>>> print(open('model_6.txt').read())   # compact mmCIF, C-alpha atoms
# COMPACT_ATOMS: atom_id res chain seq x y z
CA MET A 1 -55.71 -9.43 -41.27
CA LYS A 2 -54.65 -11.59 -38.40
CA ARG A 3 -51.43 -12.22 -40.14
CA LEU A 4 -50.82 -8.53 -40.71
CA THR A 5 -51.50 -7.66 -37.08
CA THR A 6 -48.96 -10.20 -35.99
CA PHE A 7 -46.36 -8.70 -38.24
CA ALA A 8 -47.05 -5.24 -36.93
CA SER A 9 -46.70 -6.33 -33.33
CA ALA A 10 -43.38 -7.93 -34.04
CA ALA A 11 -42.15 -4.78 -35.73
CA ALA A 12 -43.15 -2.65 -32.76
CA LEU A 13 -41.35 -4.94 -30.38
CA MET A 14 -38.23 -4.68 -32.44
CA TRP A 15 -38.42 -0.90 -32.25
CA LEU A 16 -38.74 -1.04 -28.49
CA ALA A 17 -35.75 -3.33 -28.21
CA ALA A 18 -33.64 -1.13 -30.45
CA GLY A 19 -34.64 1.92 -28.43
CA ALA A 20 -33.56 0.33 -25.17
CA MET A 21 -30.19 -0.69 -26.56
CA SER A 22 -29.28 2.71 -27.96
CA ALA A 23 -30.25 4.54 -24.79
CA GLN A 24 -26.98 3.89 -22.95
CA SER A 25 -26.61 7.16 -21.12
CA SER A 26 -24.40 6.02 -18.27
CA ALA A 27 -21.47 3.72 -17.66
CA THR A 28 -20.02 2.25 -14.48
CA GLN A 29 -16.57 0.86 -13.90
CA SER A 30 -15.11 -0.75 -10.82
CA ALA A 31 -11.68 0.27 -9.60
CA THR A 32 -9.68 -1.12 -6.71
CA ALA A 33 -8.36 0.92 -3.81
CA THR A 34 -5.29 -0.49 -2.08
CA ALA A 35 -3.00 0.48 0.78
CA ARG A 36 -0.32 -1.50 2.56
CA VAL A 37 0.52 -0.91 6.19
CA LEU A 38 4.11 -1.96 6.80
CA ALA A 39 5.77 -3.32 9.88
CA LYS A 40 7.75 -0.52 11.50
CA ILE A 41 11.40 -0.43 10.60
CA GLN A 42 13.64 -0.69 13.63
CA LEU A 43 17.37 -0.51 14.23
CA THR A 44 19.08 -2.12 17.21
CA LYS A 45 22.74 -1.55 17.95
CA ASN A 46 24.88 -4.57 18.73
CA THR A 47 28.39 -3.12 18.70
CA ASP A 48 29.97 0.33 18.52
CA LEU A 49 32.63 1.29 15.99
CA ASN A 50 36.02 0.85 17.66
CA PHE A 51 39.29 1.59 15.86
CA GLY A 52 41.19 0.07 18.77
CA ASP A 53 44.65 1.05 19.96
CA LEU A 54 47.25 2.68 17.76
CA VAL A 55 50.47 4.66 17.89
CA ALA A 56 50.81 7.85 15.90
CA GLY A 57 53.99 8.33 13.88
CA GLY A 58 56.02 11.17 12.47
CA SER A 59 53.71 11.34 9.43
CA ALA A 60 49.97 11.33 8.99
CA GLY A 61 48.17 8.06 8.47
CA THR A 62 44.85 6.27 8.61
CA VAL A 63 43.22 3.32 10.31
CA VAL A 64 40.54 1.55 8.29
CA VAL A 65 37.99 -0.79 9.91
CA SER A 66 36.02 -2.81 7.35
CA THR A 67 32.40 -3.93 7.65
CA THR A 68 33.64 -7.24 9.02
CA GLY A 69 35.78 -5.55 11.68
CA THR A 70 39.09 -6.16 9.93
CA ARG A 71 41.60 -3.39 10.59
CA THR A 72 44.39 -2.03 8.38
CA SER A 73 46.58 1.06 8.55
CA THR A 74 48.34 3.42 6.18
CA GLY A 75 51.02 6.08 6.55
CA GLY A 76 52.76 6.70 9.87
CA VAL A 77 50.23 4.82 12.01
CA THR A 78 51.22 1.65 13.87
CA LEU A 79 48.49 -0.70 15.10
CA ALA A 80 48.46 -2.15 18.61
CA VAL A 81 46.64 -5.25 19.82
CA GLY A 82 43.24 -4.71 21.43
CA THR A 83 39.53 -4.79 20.80
CA VAL A 84 38.47 -3.68 17.32
CA THR A 85 34.90 -3.74 16.02
CA GLN A 86 32.81 -2.42 13.18
CA ALA A 87 29.50 -0.78 14.11
CA GLY A 88 26.98 -3.63 14.08
CA PHE A 89 23.18 -3.33 14.00
CA THR A 90 20.10 -5.46 13.42
CA VAL A 91 17.45 -4.05 11.09
CA VAL A 92 13.90 -5.36 11.59
CA GLY A 93 10.95 -4.47 9.37
CA GLU A 94 8.64 -5.45 6.52
CA PRO A 95 9.88 -8.55 4.67
CA ASN A 96 11.13 -7.91 1.13
CA LYS A 97 10.80 -4.14 1.54
CA THR A 98 13.56 -1.82 0.35
CA TYR A 99 15.13 0.68 2.74
CA THR A 100 17.86 3.26 2.68
CA ILE A 101 20.74 3.58 5.15
CA THR A 102 22.11 6.98 6.01
CA VAL A 103 25.38 7.67 7.83
CA PRO A 104 27.29 10.95 8.32
CA ALA A 105 29.83 12.05 5.74
CA SER A 106 32.24 12.63 8.59
CA VAL A 107 32.40 12.55 12.39
CA THR A 108 34.87 14.37 14.61
CA LEU A 109 36.25 12.34 17.51
CA ASN A 110 37.14 14.47 20.51
CA GLY A 111 40.22 13.76 22.57
CA PRO A 112 42.20 15.34 25.41
CA GLY A 113 43.09 19.01 25.32
CA GLY A 114 40.68 19.80 22.52
CA ASN A 115 42.48 17.54 20.08
CA THR A 116 40.40 15.82 17.45
CA MET A 117 40.54 13.18 14.73
CA ALA A 118 38.17 12.91 11.79
CA VAL A 119 36.35 9.71 10.84
CA ASN A 120 35.02 9.51 7.31
CA GLY A 121 34.73 7.07 4.40
CA PHE A 122 31.91 5.10 6.01
CA VAL A 123 31.25 1.78 4.27
CA LEU A 124 28.04 -0.22 4.57
CA ASN A 125 27.13 -3.88 4.35
CA PRO A 126 24.58 -4.19 2.88
CA THR A 127 24.97 -1.12 0.73
CA SER A 128 22.14 1.38 0.49
CA PRO A 129 19.41 0.92 -0.70
CA ALA A 130 19.02 -2.54 0.81
CA THR A 131 16.12 -4.99 0.95
CA LEU A 132 14.94 -6.76 4.07
CA PRO A 133 15.03 -10.54 3.70
CA ALA A 134 11.92 -12.72 3.80
CA GLY A 135 12.41 -13.17 7.52
CA GLY A 136 12.10 -9.41 8.09
CA SER A 137 15.41 -9.12 9.96
CA ALA A 138 18.95 -8.51 8.75
CA PRO A 139 22.35 -7.42 10.06
CA LEU A 140 23.82 -4.05 9.14
CA ASN A 141 27.56 -3.56 9.50
CA ILE A 142 29.39 -0.26 9.16
CA GLY A 143 33.09 0.42 8.85
CA ALA A 144 35.01 3.70 8.41
CA THR A 145 38.38 5.40 8.13
CA LEU A 146 40.10 7.21 11.00
CA ASN A 147 42.47 10.03 10.02
CA VAL A 148 45.46 10.31 12.35
CA ALA A 149 47.70 13.37 12.29
CA ALA A 150 51.49 13.21 12.58
CA ASN A 151 52.32 12.95 16.28
CA GLN A 152 48.60 12.88 17.19
CA VAL A 153 48.28 13.63 20.90
CA THR A 154 47.82 10.48 23.01
CA GLY A 155 44.49 9.75 24.66
CA SER A 156 41.07 8.30 24.03
CA TYR A 157 39.01 9.97 21.30
CA SER A 158 35.31 9.42 20.91
CA ASN A 159 32.01 10.78 19.70
CA THR A 160 28.57 9.55 18.79
CA PHE A 161 27.08 9.37 15.30
CA ASN A 162 23.66 8.54 13.98
CA VAL A 163 22.68 5.78 11.60
CA VAL A 164 19.24 6.05 10.03
CA VAL A 165 17.26 3.39 8.17
CA ALA A 166 14.12 4.41 6.31
CA TYR A 167 11.62 2.96 3.84
CA ASN A 168 12.34 5.60 1.21
CA MET B 1 -40.30 -5.45 -44.00
CA LYS B 2 -41.03 -5.03 -47.69
CA LYS B 3 -43.88 -7.49 -47.43
CA LEU B 4 -45.31 -5.70 -44.41
CA THR B 5 -45.32 -2.34 -46.17
CA LEU B 6 -47.26 -3.79 -49.09
CA GLY B 7 -49.84 -5.33 -46.78
CA ALA B 8 -50.37 -2.03 -45.01
CA LEU B 9 -50.89 -0.21 -48.29
CA VAL B 10 -53.55 -2.66 -49.37
CA LEU B 11 -55.40 -2.26 -46.08
CA THR B 12 -55.31 1.52 -46.39
CA ALA B 13 -56.81 1.33 -49.86
CA PHE B 14 -59.68 -0.80 -48.62
CA GLY B 15 -60.36 1.57 -45.78
CA ALA B 16 -60.45 4.59 -48.07
CA SER B 17 -62.96 2.98 -50.35
CA SER B 18 -65.45 2.27 -47.57
CA LEU B 19 -65.03 5.62 -45.74
CA TYR B 20 -64.89 8.31 -48.36
CA ALA B 21 -65.53 11.26 -46.08
CA GLN B 22 -62.32 12.97 -45.08
CA SER B 23 -62.03 12.60 -41.36
CA SER B 24 -58.46 13.55 -40.85
CA ALA B 25 -55.91 16.10 -42.03
CA THR B 26 -52.19 15.92 -42.02
CA THR B 27 -49.83 18.85 -41.77
CA ALA B 28 -46.14 18.53 -42.25
CA THR B 29 -44.07 19.47 -39.25
CA SER B 30 -40.52 18.82 -38.17
CA GLY B 31 -39.37 16.48 -35.48
CA SER B 32 -35.78 16.15 -34.37
CA ALA B 33 -33.81 13.73 -32.34
CA ARG B 34 -30.11 13.44 -31.64
CA VAL B 35 -28.64 10.02 -31.23
CA LEU B 36 -25.68 10.37 -28.89
CA ALA B 37 -22.57 8.31 -28.86
CA LYS B 38 -22.73 5.92 -25.92
CA ILE B 39 -20.90 7.14 -22.85
CA GLN B 40 -18.20 4.72 -21.82
CA LEU B 41 -15.72 4.48 -18.99
CA ALA B 42 -12.48 2.51 -19.26
CA LYS B 43 -10.21 2.06 -16.25
CA VAL B 44 -6.53 2.89 -16.71
CA THR B 45 -5.14 2.62 -13.16
CA ASP B 46 -6.45 1.62 -9.76
CA LEU B 47 -6.24 3.85 -6.70
CA ASN B 48 -3.10 2.88 -4.76
CA PHE B 49 -2.13 4.61 -1.52
CA GLY B 50 1.15 2.70 -1.54
CA ASP B 51 3.18 1.64 1.47
CA LEU B 52 2.98 3.36 4.82
CA VAL B 53 3.81 2.86 8.48
CA ALA B 54 1.17 3.52 11.11
CA GLY B 55 2.23 5.53 14.14
CA ALA B 56 1.07 5.94 17.71
CA ALA B 57 -1.37 8.65 16.57
CA VAL B 58 -4.08 8.50 13.93
CA GLY B 59 -3.29 9.96 10.54
CA THR B 60 -4.25 10.13 6.92
CA VAL B 61 -2.73 9.50 3.53
CA VAL B 62 -4.01 11.71 0.72
CA VAL B 63 -3.53 10.82 -2.94
CA ASP B 64 -4.52 13.70 -5.20
CA THR B 65 -5.87 13.49 -8.73
CA ALA B 66 -2.32 13.71 -10.10
CA GLY B 67 -1.16 10.80 -7.93
CA ALA B 68 0.87 12.98 -5.54
CA ARG B 69 0.82 11.64 -1.99
CA THR B 70 0.94 13.42 1.36
CA SER B 71 0.39 12.32 4.95
CA THR B 72 -0.88 13.84 8.16
CA GLY B 73 -0.75 12.79 11.81
CA GLY B 74 1.12 9.70 12.89
CA VAL B 75 1.49 8.15 9.45
CA SER B 76 4.91 7.75 7.83
CA LEU B 77 5.08 7.19 4.10
CA ALA B 78 7.31 4.54 2.56
CA ALA B 79 8.58 4.47 -0.99
CA GLY B 80 6.74 2.37 -3.55
CA THR B 81 4.09 2.56 -6.22
CA VAL B 82 1.37 5.16 -5.70
CA SER B 83 -1.37 6.06 -8.16
CA GLN B 84 -4.66 7.87 -8.44
CA ALA B 85 -7.59 6.00 -9.98
CA SER B 86 -7.69 6.99 -13.62
CA PHE B 87 -10.15 6.36 -16.39
CA THR B 88 -10.87 7.37 -19.94
CA VAL B 89 -14.36 8.72 -20.59
CA THR B 90 -15.59 8.35 -24.16
CA GLY B 91 -18.86 9.71 -25.49
CA GLU B 92 -20.60 12.49 -27.35
CA ALA B 93 -18.31 15.45 -27.99
CA ASN B 94 -19.16 18.57 -25.96
CA LYS B 95 -21.88 16.77 -24.00
CA SER B 96 -22.16 17.35 -20.27
CA TYR B 97 -22.02 14.40 -17.90
CA THR B 98 -21.99 13.72 -14.18
CA ILE B 99 -19.50 11.60 -12.27
CA THR B 100 -20.56 9.61 -9.23
CA VAL B 101 -18.22 8.07 -6.67
CA PRO B 102 -18.96 6.56 -3.25
CA ALA B 103 -18.97 8.76 -0.15
CA SER B 104 -16.71 6.20 1.50
CA VAL B 105 -15.19 2.78 0.94
CA SER B 106 -13.97 0.36 3.59
CA LEU B 107 -10.66 -1.30 2.74
CA VAL B 108 -10.21 -4.64 4.44
CA SER B 109 -7.32 -6.88 5.39
CA GLY B 110 -8.61 -9.93 7.19
CA ALA B 111 -10.52 -8.67 10.21
CA ASN B 112 -8.98 -5.20 10.00
CA SER B 113 -10.24 -2.24 8.00
CA MET B 114 -9.46 1.34 7.02
CA THR B 115 -11.86 3.91 5.60
CA VAL B 116 -11.28 5.77 2.34
CA ASN B 117 -13.32 8.94 1.83
CA GLY B 118 -12.92 12.49 0.58
CA PHE B 119 -12.85 11.48 -3.07
CA VAL B 120 -11.67 14.27 -5.36
CA LEU B 121 -12.30 14.40 -9.10
CA SER B 122 -10.54 15.91 -12.08
CA PRO B 123 -12.48 17.11 -13.97
CA VAL B 124 -15.03 18.01 -11.30
CA THR B 125 -18.65 17.01 -11.86
CA PRO B 126 -20.56 17.99 -13.98
CA ALA B 127 -17.92 17.73 -16.68
CA THR B 128 -18.01 18.08 -20.45
CA ILE B 129 -16.67 15.54 -22.88
CA PRO B 130 -13.95 17.22 -24.95
CA ALA B 131 -14.38 17.99 -28.65
CA SER B 132 -12.34 14.91 -29.45
CA GLY B 133 -15.01 12.73 -27.81
CA SER B 134 -12.65 11.33 -25.21
CA GLY B 135 -10.99 12.64 -22.08
CA PRO B 136 -9.27 11.51 -18.89
CA LEU B 137 -10.94 11.21 -15.50
CA ASN B 138 -8.67 11.12 -12.44
CA ILE B 139 -9.79 10.36 -8.92
CA GLY B 140 -7.94 10.82 -5.64
CA ALA B 141 -9.05 10.17 -2.07
CA THR B 142 -8.09 10.17 1.60
CA LEU B 143 -7.12 7.05 3.55
CA ASN B 144 -7.79 7.13 7.29
CA VAL B 145 -5.22 5.23 9.31
CA ALA B 146 -5.81 4.35 12.95
CA ALA B 147 -3.15 4.59 15.63
CA SER B 148 -1.05 1.41 15.44
CA GLN B 149 -3.13 0.19 12.48
CA ALA B 150 -2.42 -3.52 12.00
CA THR B 151 0.07 -4.35 9.27
CA GLY B 152 -1.22 -5.89 6.06
CA THR B 153 -2.48 -5.16 2.58
CA TYR B 154 -5.91 -3.53 2.62
CA THR B 155 -8.07 -3.49 -0.46
CA ALA B 156 -11.64 -3.08 -1.75
CA PRO B 157 -13.40 -2.37 -5.04
CA PHE B 158 -15.49 0.75 -5.61
CA ASN B 159 -17.69 1.89 -8.46
CA VAL B 160 -17.37 5.01 -10.56
CA THR B 161 -20.33 5.99 -12.75
CA VAL B 162 -20.54 8.56 -15.52
CA ALA B 163 -23.93 9.56 -16.95
CA TYR B 164 -25.24 12.10 -19.40
CA ASN B 165 -27.23 14.84 -17.76
>>> encode(input="model_6.txt", output="structure tokens")
Amino acid sequence: MKRLTTFASAAALMWLAAGAMSAQSSATQSATATARVLAKIQLTKNTDLNFGDLVAGGSAGTVVVSTTGTRTSTGGVTLAVGTVTQAGFTVVGEPNKTYTITVPASVTLNGPGGNTMAVNGFVLNPTSPATLPAGGSAPLNIGATLNVAANQVTGSYSNTFNVVVAYN
Amino acid sequence: MKKLTLGALVLTAFGASSLYAQSSATTATSGSARVLAKIQLAKVTDLNFGDLVAGAAVGTVVVDTAGARTSTGGVSLAAGTVSQASFTVTGEANKSYTITVPASVSLVSGANSMTVNGFVLSPVTPATIPASGSGPLNIGATLNVAASQATGTYTAPFNVTVAYN
């Protein structure tokens, strides 16, 4: 009898244990929520884009300033000595973060008497999209092409243009 | 178990012989029970608000249940990986269940913090496990960004619970 009772108790306990295990009516999982706040991206101008001095010829031509400030000409344009610079900037922001650089497709320089010249063919160093170095700061240099008409009217031509850097 | 059954039968026989008067009656009836498939939750992706830039004014970043991201106020969004929290719920086909998420979670980066709240669910709760016995669960939320929030990576775990009703 004693022996039987013991067996019965054990059996009942097993039933209870089995019942508890099969009664999984809920489940919980942990997930992670993450957000990264970046250092602001900033652009500081160091030099303006300057095509320098030139003489227009009897035929159309161009003046090209590279991203390193090197100047060449084509067509009827003759170059004259003087200050020439690419547009130079410093980009500061989140280290190792990618950013895009946006420049105009073309800019019209305004000169005397309503005369104009078009600047286009902007070139970038680094090219877009670029990545900020580990130090979080990098140079950005921009060159372009100036289109000079035959017998372009003498004078100083200028305009402003926008350069935009963005994390997207 | 076999041995136990035999022992019980012997005991019953003894009892019957000493108490011959019928003191009990048994009527057949039907009992039913349904053993459900366990409900289970498996994480597929974590909730990631991605990269952003804090502005001079407070703002928010909202990630919806499809992982689409929008901002309000002074916050600017930056490109990068963004995802809703997503899970797979597995259990008894066609069974209703509830989904529980926190009211708010505090993301921390060193001594700085940001609050995540406004959790949104797809499906909404209570939901029903599809006929296939398995379905997706997607969770979005709102990140609250302070004016000039300190830069850094903010993170925290949070629990999601599914339970049969």
>>> interface_residues(input="model_6.txt", of="chain A", to="chain B", cutoff="7 Å", atoms="only C-alpha atoms", output="list in words")
Leu4, Phe7, Gln24, Ser25, Ser26, Ala27, Thr28, Gln29, Ser30, Ala31, Thr32, Ala33, Thr34, Ala35, Arg36, Val37, Leu38, Ala39, Lys40, Tyr167 and Asn168 of chain A
>>> atom_distance(input="model_6.txt", atom1="atom CA of Thr90 of chain A", atom2="atom CA of Asn141 of chain A")
8.6 Å
>>> residues_around(input="model_6.txt", residues="Gly113 of chain A", least_positions_apart="4", cutoff="12 Å", atoms="only C-alpha atoms", output="PyMOL selection string")
chain A and resi 152-157
>>> closest_residue(input="model_6.txt", among="A:Pro139, A:Gly58, A:Pro129, A:Pro112", to="Thr98 of chain A", atoms="only C-alpha atoms")
A:Pro129
>>> atom_distance(input="model_6.txt", atom1="atom CA of Phe89 of chain A", atom2="atom CA of Gly143 of chain A")
11.8 Å
>>> closest_residue(input="model_6.txt", among="A:Val63, A:Ala87, A:Leu124, A:Met117", to="Ala149 of chain A", atoms="only C-alpha atoms")
A:Met117
>>> closest_residue(input="model_6.txt", among="A:Ala105, A:Leu79, A:Val119, A:Val91", to="Thr44 of chain A", atoms="all atoms listed in the file")
A:Val91
>>> residues_around(input="model_6.txt", residues="Asn110 of chain A", least_positions_apart="2", cutoff="7 Å", atoms="only C-alpha atoms", output="ChimeraX atom specification")
/A:108,114-117,157-159
>>> residues_near_point(input="model_6.txt", point="(28.3, 10.2, 7.8)", cutoff="7 Å", atoms="all atoms listed in the file", output="PyMOL selection string")
chain A and resi 103-107+120+122
>>> residues_near_point(input="model_6.txt", point="(24.1, -5.6, 7.3)", cutoff="12 Å", atoms="all atoms listed in the file", output="CSV table (one decimal) with C-alpha atoms, keeping the file's coordinate frame")
chain,number,residue,atom,x,y,z
A,43,LEU,CA,17.4,-0.5,14.2
A,44,THR,CA,19.1,-2.1,17.2
A,45,LYS,CA,22.7,-1.6,18.0
A,46,ASN,CA,24.9,-4.6,18.7
A,67,THR,CA,32.4,-3.9,7.6
A,68,THR,CA,33.6,-7.2,9.0
A,86,GLN,CA,32.8,-2.4,13.2
A,87,ALA,CA,29.5,-0.8,14.1
A,88,GLY,CA,27.0,-3.6,14.1
A,89,PHE,CA,23.2,-3.3,14.0
A,90,THR,CA,20.1,-5.5,13.4
A,91,VAL,CA,17.4,-4.0,11.1
A,92,VAL,CA,13.9,-5.4,11.6
A,99,TYR,CA,15.1,0.7,2.7
A,100,THR,CA,17.9,3.3,2.7
A,101,ILE,CA,20.7,3.6,5.2
A,123,VAL,CA,31.2,1.8,4.3
A,124,LEU,CA,28.0,-0.2,4.6
A,125,ASN,CA,27.1,-3.9,4.4
A,126,PRO,CA,24.6,-4.2,2.9
A,127,THR,CA,25.0,-1.1,0.7
A,128,SER,CA,22.1,1.4,0.5
A,129,PRO,CA,19.4,0.9,-0.7
A,130,ALA,CA,19.0,-2.5,0.8
A,131,THR,CA,16.1,-5.0,1.0
A,132,LEU,CA,14.9,-6.8,4.1
A,133,PRO,CA,15.0,-10.5,3.7
A,137,SER,CA,15.4,-9.1,10.0
A,138,ALA,CA,19.0,-8.5,8.8
A,139,PRO,CA,22.4,-7.4,10.1
A,140,LEU,CA,23.8,-4.0,9.1
A,141,ASN,CA,27.6,-3.6,9.5
A,142,ILE,CA,29.4,-0.3,9.2
A,143,GLY,CA,33.1,0.4,8.8
A,165,VAL,CA,17.3,3.4,8.2
>>> residues_around(input="model_6.txt", residues="Thr72 of chain A", least_positions_apart="3", cutoff="10 Å", atoms="only C-alpha atoms", output="list in words")
Phe51, Thr62, Val63, Val64, Val65, Ser66, Gly69, Val77, Thr78, Leu79 and Thr145 of chain A
>>> atom_distance(input="model_6.txt", atom1="atom CA of Val84 of chain A", atom2="atom CA of Gly52 of chain A")
4.9 Å
>>> residues_around(input="model_6.txt", residues="Ala150 of chain A", least_positions_apart="3", cutoff="7 Å", atoms="all atoms listed in the file", output="PyMOL selection string")
chain A and resi 56-60
>>> decode(input="model_6.txt", residues="segment 42-127 of chain B", atoms="C-alpha atoms", output="compact mmCIF listing (two decimals), in the first residue's frame")
# COMPACT_ATOMS: atom_id res chain seq x y z
CA ALA B 42 11.47 35.53 -33.20
CA LYS B 43 13.23 38.83 -33.85
CA VAL B 44 14.13 39.64 -37.44
CA THR B 45 15.36 43.25 -37.22
CA ASP B 46 16.00 45.78 -34.49
CA LEU B 47 14.45 49.24 -34.43
CA ASN B 48 16.94 51.66 -35.99
CA PHE B 49 16.19 55.37 -36.31
CA GLY B 50 19.38 55.80 -38.34
CA ASP B 51 21.55 58.88 -38.55
CA LEU B 52 20.29 62.37 -37.83
CA VAL B 53 21.49 65.86 -37.01
CA ALA B 54 19.97 67.72 -34.08
CA GLY B 55 19.00 71.33 -34.67
CA ALA B 56 18.47 74.41 -32.55
CA ALA B 57 14.85 73.37 -31.97
CA VAL B 58 13.47 70.12 -30.59
CA GLY B 59 12.19 67.58 -33.06
CA THR B 60 11.22 64.00 -33.63
CA VAL B 61 12.12 61.12 -35.90
CA VAL B 62 9.29 58.73 -36.70
CA VAL B 63 9.92 55.25 -38.10
CA ASP B 64 6.68 53.61 -39.21
CA THR B 65 5.89 49.91 -39.28
CA ALA B 66 7.17 49.69 -42.86
CA GLY B 67 10.50 51.29 -41.90
CA ALA B 68 9.74 54.62 -43.60
CA ARG B 69 11.28 57.56 -41.75
CA THR B 70 10.11 61.15 -41.33
CA SER B 71 11.20 64.03 -39.13
CA THR B 72 9.62 67.04 -37.48
CA GLY B 73 10.98 70.18 -35.85
CA GLY B 74 14.68 70.92 -35.82
CA VAL B 75 15.85 67.45 -36.78
CA SER B 76 17.60 66.80 -40.10
CA LEU B 77 17.79 63.25 -41.37
CA ALA B 78 20.99 61.79 -42.77
CA ALA B 79 21.27 58.84 -45.11
CA GLY B 80 22.01 55.42 -43.66
CA THR B 81 20.35 52.25 -42.47
CA VAL B 82 16.87 52.63 -41.01
CA SER B 83 14.57 49.81 -39.94
CA GLN B 84 11.44 49.09 -37.97
CA ALA B 85 11.59 46.37 -35.32
CA SER B 86 10.29 43.22 -36.96
CA PHE B 87 9.43 39.80 -35.64
CA THR B 88 7.85 36.57 -36.72
CA VAL B 89 4.99 35.34 -34.54
CA THR B 90 4.39 31.60 -34.65
CA GLY B 91 1.55 29.80 -32.91
CA GLU B 92 -1.89 28.29 -33.21
CA ALA B 93 -3.53 29.09 -36.54
CA ASN B 94 -6.46 31.52 -36.32
CA LYS B 95 -5.91 32.11 -32.60
CA SER B 96 -6.16 35.63 -31.23
CA TYR B 97 -3.25 37.13 -29.33
CA THR B 98 -2.25 40.40 -27.73
CA ILE B 99 0.97 42.33 -28.31
CA THR B 100 2.55 44.34 -25.52
CA VAL B 101 5.25 46.98 -25.96
CA PRO B 102 6.60 49.55 -23.50
CA ALA B 103 4.98 52.98 -23.23
CA SER B 104 8.44 54.49 -23.53
CA VAL B 105 12.10 53.53 -23.67
CA SER B 106 15.07 55.71 -22.79
CA LEU B 107 17.96 55.43 -25.24
CA VAL B 108 21.30 56.28 -23.68
CA SER B 109 24.69 57.41 -24.90
CA GLY B 110 26.99 57.94 -21.96
CA ALA B 111 25.31 60.52 -19.74
CA ASN B 112 22.92 61.64 -22.48
CA SER B 113 19.53 60.19 -23.31
CA MET B 114 16.62 60.40 -25.73
CA THR B 115 13.10 59.06 -25.24
CA VAL B 116 11.39 56.69 -27.64
CA ASN B 117 7.61 56.44 -27.35
CA GLY B 118 4.51 56.30 -29.55
CA PHE B 119 5.07 52.68 -30.53
CA VAL B 120 2.90 51.60 -33.46
CA LEU B 121 2.11 47.99 -34.34
CA SER B 122 1.27 46.11 -37.50
CA PRO B 123 -0.88 44.12 -37.02
CA VAL B 124 -2.56 46.11 -34.25
CA THR B 125 -3.38 44.32 -31.01
CA PRO B 126 -5.34 42.07 -30.55
CA ALA B 127 -4.19 40.24 -33.66
